Amino acid sequence: MPLAISQFQPEEIDQAGRVLVRVPDADVHDPEWLEAAQLVGRWRASHAHPLNVFRTNLRRRANRSAVVAQRLKRLPSIIGKLQRLQRIPLSRMQDIGGCRVIASSAADAFSLAVNLADSKIRHNLIRRNNYIDLPRPSGYRGLHLVYAYNSDRPTPWQGLSTEIQFRSRLQHQWATSVETVGTFLGEGLKSGEGNPNWLRFFSLMSSVIAGREKLPVVPNTPTNLTELVSEVKEYDEHLGFSRQLEAFRIVTHQMQNFSGNLWVVLEVRPEERTTSASYFGVNNWEAANSHYLEREVETRDDPRVAVVLVSTNSLAMLRRAYPNFFMDLSDFGRIVTETVEGP
């Protein structure tokens, strides 16, 4: 059984968050940092129960072609967000637990989101962001719903938030490619930071995808298709994206196929071009979370390693939901190639 939120007080979670931010480069054996990391890890684990509830609900609503997966936010991502958004204390961060729904089209993604938002589930919808119709300046698209867990009976998870992201297949390929290239380059492209040429390239490609999905283009990108394609070609040639596709790909997968709901701790090493995994049964949650936090702490001083805890129903679904953890740009690369070379 996952830990209960009643074991934690907001003040102690916020203080632990401040410690994580204040000593980001401390030695892994720094006792103050370790104590804070352990507390945050246990508090993060308490989000697993609400997360499972929402994933089960979404799996019932989505058709077979949709991908539904879940993850608990990575410790480096938590620290990075606290550093960027200093006004938000850790106890109020709304995306510690996250579900991802990938539909075949933008219309299907939007329909699934509206279906959930308009339903009579007991949980409280506390935020809705429509980045499908109104993309972020970076080009990111998706529809986000944030729910606070609610029960008719007293429950230790009352009020815990879960963020649900709805995306089309094309929007998902774009978003995970931004993460992949950012990881490969060691730059925060996902957060709008890093090489401005890469940021511009991805905003242009988001507008290309918008044309395919009959959605508004990203602000400050060409509305004329000829001009848009011309600029994509210019940046692709300058950055060498199409030429480097294979260089991004991880070629060694120490992975085993599986079916059924599992918790999976992925360890990605882009420079070594490897992804390895540790598998835990759905009822072996405590061991999964313990291993996740242990590997995060042990690798925290090594920027070449990313550790994440995810859950889905098969290896194929895992690769579709998180291609960035396999450095797989093949689907997005085809869209770039089609844009640059024409039909």
# chains A, B, ... in the order shown; residues from 1 in each chain; ligands from 1

$ residues_around --residues "segment 309-319 of chain A" --least-positions-apart "5" --cutoff "9 Å" --atoms "only C-alpha atoms" --output "JSON, numbers by chain"
{"A": [67, 68, 69, 70, 71, 72, 73, 74, 255, 256, 257, 258, 259, 260, 261, 262, 263, 264, 265, 266, 282, 288, 289, 292, 324, 325, 326, 328]}

$ write_last_selection --atoms "N, CA and C atoms" --output "compact mmCIF listing (two decimals), in the first residue's frame"
# COMPACT_ATOMS: atom_id res chain seq x y z
N VAL A 67 -2.88 5.30 -25.85
CA VAL A 67 -1.87 4.88 -24.88
C VAL A 67 -2.13 5.63 -23.58
N VAL A 68 -2.21 4.89 -22.48
CA VAL A 68 -2.38 5.50 -21.17
C VAL A 68 -1.23 5.02 -20.29
N ALA A 69 -0.48 5.96 -19.74
CA ALA A 69 0.67 5.61 -18.90
C ALA A 69 0.74 6.58 -17.73
N GLN A 70 1.53 6.24 -16.75
CA GLN A 70 1.65 7.10 -15.58
C GLN A 70 3.09 7.15 -15.12
N ARG A 71 3.43 8.24 -14.42
CA ARG A 71 4.78 8.37 -13.88
C ARG A 71 4.76 9.25 -12.64
N LEU A 72 5.76 9.08 -11.78
CA LEU A 72 5.98 9.98 -10.67
C LEU A 72 7.14 10.90 -11.04
N LYS A 73 7.00 12.17 -10.77
CA LYS A 73 7.95 13.18 -11.22
C LYS A 73 9.35 12.89 -10.70
N ARG A 74 10.34 13.02 -11.58
CA ARG A 74 11.73 12.76 -11.22
C ARG A 74 12.24 13.81 -10.25
N MET A 255 16.53 -4.72 -22.01
CA MET A 255 15.12 -4.72 -21.66
C MET A 255 14.51 -6.07 -21.96
N GLN A 256 13.51 -6.43 -21.19
CA GLN A 256 12.78 -7.66 -21.46
C GLN A 256 11.33 -7.32 -21.76
N ASN A 257 10.72 -8.10 -22.63
CA ASN A 257 9.32 -7.85 -22.94
C ASN A 257 8.46 -8.24 -21.74
N PHE A 258 7.33 -7.59 -21.60
CA PHE A 258 6.43 -7.91 -20.50
C PHE A 258 5.01 -7.56 -20.91
N SER A 259 4.07 -8.13 -20.22
CA SER A 259 2.66 -7.78 -20.40
C SER A 259 2.02 -7.75 -19.03
N GLY A 260 0.99 -6.96 -18.90
CA GLY A 260 0.38 -6.78 -17.60
C GLY A 260 0.95 -5.54 -16.94
N ASN A 261 0.26 -5.04 -15.95
CA ASN A 261 0.62 -3.77 -15.31
C ASN A 261 1.82 -3.95 -14.41
N LEU A 262 2.92 -3.26 -14.73
CA LEU A 262 4.14 -3.31 -13.93
C LEU A 262 4.63 -1.90 -13.64
N TRP A 263 5.35 -1.76 -12.53
CA TRP A 263 6.15 -0.58 -12.29
C TRP A 263 7.55 -0.84 -12.86
N VAL A 264 8.07 0.13 -13.61
CA VAL A 264 9.36 -0.04 -14.26
C VAL A 264 10.26 1.14 -13.91
N VAL A 265 11.43 0.85 -13.35
CA VAL A 265 12.44 1.88 -13.11
C VAL A 265 13.41 1.86 -14.29
N LEU A 266 13.36 2.93 -15.09
CA LEU A 266 14.23 3.05 -16.26
C LEU A 266 15.45 3.87 -15.89
N VAL A 282 2.75 -4.92 -9.79
CA VAL A 282 1.89 -3.82 -9.41
C VAL A 282 1.67 -3.77 -7.89
N ALA A 288 9.53 -0.93 -5.53
CA ALA A 288 9.76 -0.11 -6.72
C ALA A 288 10.15 1.30 -6.34
N ASN A 289 9.41 1.90 -5.42
CA ASN A 289 9.70 3.27 -5.02
C ASN A 289 11.04 3.38 -4.30
N TYR A 292 13.73 3.20 -6.89
CA TYR A 292 13.72 4.45 -7.66
C TYR A 292 14.49 5.55 -6.92
N ASN A 324 11.29 9.20 -25.52
CA ASN A 324 12.46 9.99 -25.14
C ASN A 324 13.40 9.20 -24.24
N PHE A 325 12.88 8.20 -23.50
CA PHE A 325 13.76 7.40 -22.66
C PHE A 325 14.46 6.30 -23.46
N PHE A 326 14.13 6.23 -24.74
CA PHE A 326 14.83 5.32 -25.65
C PHE A 326 15.56 6.13 -26.74
N ASP A 328 14.42 7.79 -29.08
CA ASP A 328 13.87 7.35 -30.36
C ASP A 328 13.16 8.52 -31.05

$ select_by_dssp --residues "segment 159-255 of chain A" --states "strand (DSSP E or B)" --output "short mmCIF file (atom, residue, chain, number, x, y, z; two decimals) with N, CA and C atoms, in the first residue's frame"
data_model
loop_
_atom_site.label_atom_id
_atom_site.label_comp_id
_atom_site.auth_asym_id
_atom_site.auth_seq_id
_atom_site.Cartn_x
_atom_site.Cartn_y
_atom_site.Cartn_z
N SER A 161 -3.03 16.02 -5.63
CA SER A 161 -3.31 16.38 -7.03
C SER A 161 -2.64 15.42 -8.01
N THR A 162 -3.28 15.27 -9.15
CA THR A 162 -2.77 14.49 -10.27
C THR A 162 -2.97 15.31 -11.55
N GLU A 163 -1.91 15.43 -12.34
CA GLU A 163 -2.04 16.13 -13.62
C GLU A 163 -2.19 15.10 -14.75
N ILE A 164 -3.18 15.32 -15.60
CA ILE A 164 -3.42 14.42 -16.74
C ILE A 164 -3.18 15.20 -18.02
N GLN A 165 -2.31 14.68 -18.87
CA GLN A 165 -1.98 15.31 -20.15
C GLN A 165 -2.62 14.51 -21.27
N PHE A 166 -3.39 15.21 -22.10
CA PHE A 166 -3.99 14.60 -23.29
C PHE A 166 -3.28 15.17 -24.51
N ARG A 167 -2.77 14.29 -25.39
CA ARG A 167 -2.08 14.72 -26.60
C ARG A 167 -2.49 13.83 -27.76
N SER A 168 -2.37 14.37 -28.96
CA SER A 168 -2.49 13.52 -30.14
C SER A 168 -1.16 12.80 -30.35
N THR A 252 21.52 -0.01 -27.56
CA THR A 252 21.58 -1.15 -26.66
C THR A 252 20.43 -1.07 -25.68
N HIS A 253 19.54 -2.04 -25.71
CA HIS A 253 18.39 -2.07 -24.82
C HIS A 253 18.49 -3.31 -23.93
N GLN A 254 18.82 -3.08 -22.66
CA GLN A 254 18.86 -4.19 -21.71
C GLN A 254 17.45 -4.32 -21.14
#

$ closest_residue --among "A:Gly80, A:Gly333, A:Leu185, A:Ala48" --to "Cys99 of chain A" --atoms "only C-alpha atoms"
A:Ala48

$ residues_around --residues "Gln38 of chain A" --least-positions-apart "2" --cutoff "10 Å" --atoms "only C-alpha atoms" --output "ChimeraX atom specification"
/A:16,33-36,40-44,290,293-294,297

$ closest_atom_pairs --of "segment 63-107 of chain A" --to "segment 113-119 of chain A" --cutoff "12 Å" --atoms "only C-alpha atoms" --output "CSV"
residue,atom,partner,partner_atom,distance
A:Arg100,CA,A:Ala113,CA,11.2
A:Val101,CA,A:Ala113,CA,9.2
A:Ile102,CA,A:Ala113,CA,11.0
A:Ala103,CA,A:Ala113,CA,10.4
A:Ala106,CA,A:Ala113,CA,10.6
A:Ala107,CA,A:Ala113,CA,10.0

$ write_last_selection --atoms "C-alpha atoms" --output "compact mmCIF listing (two decimals), in the first residue's frame"
# COMPACT_ATOMS: atom_id res chain seq x y z
CA ARG A 100 -0.33 10.67 -20.04
CA VAL A 101 -3.04 9.88 -22.61
CA ILE A 102 -1.95 9.69 -26.26
CA ALA A 103 -4.84 9.57 -28.73
CA ALA A 106 -6.11 15.98 -31.78
CA ALA A 107 -9.89 15.68 -31.97

$ atom_distance --atom1 "atom CA of Tyr147 of chain A" --atom2 "atom CA of Phe8 of chain A"
19.8 Å

$ atom_distance --atom1 "atom CA of Pro10 of chain A" --atom2 "atom CA of Arg22 of chain A"
18.3 Å

$ closest_residue --among "A:Leu112, A:Leu125, A:Leu82, A:Leu20" --to "Asn63 of chain A" --atoms "only C-alpha atoms"
A:Leu112

$ residues_around --residues "segment 209-213 of chain A" --least-positions-apart "5" --cutoff "8 Å" --atoms "only C-alpha atoms" --output "list of chain:residue names"
A:Ser105, A:Ala106, A:Leu170, A:Gln171

$ closest_residue --among "A:Ala62, A:Leu215, A:Ile126, A:Ala306" --to "Thr183 of chain A" --atoms "only C-alpha atoms"
A:Ala306

$ residues_around --residues "Gly139 of chain A" --least-positions-apart "5" --cutoff "12 Å" --atoms "only C-alpha atoms" --output "PyMOL selection string"
chain A and resi 131-134+171-172+174-175+178+189-192+198-210+215-221
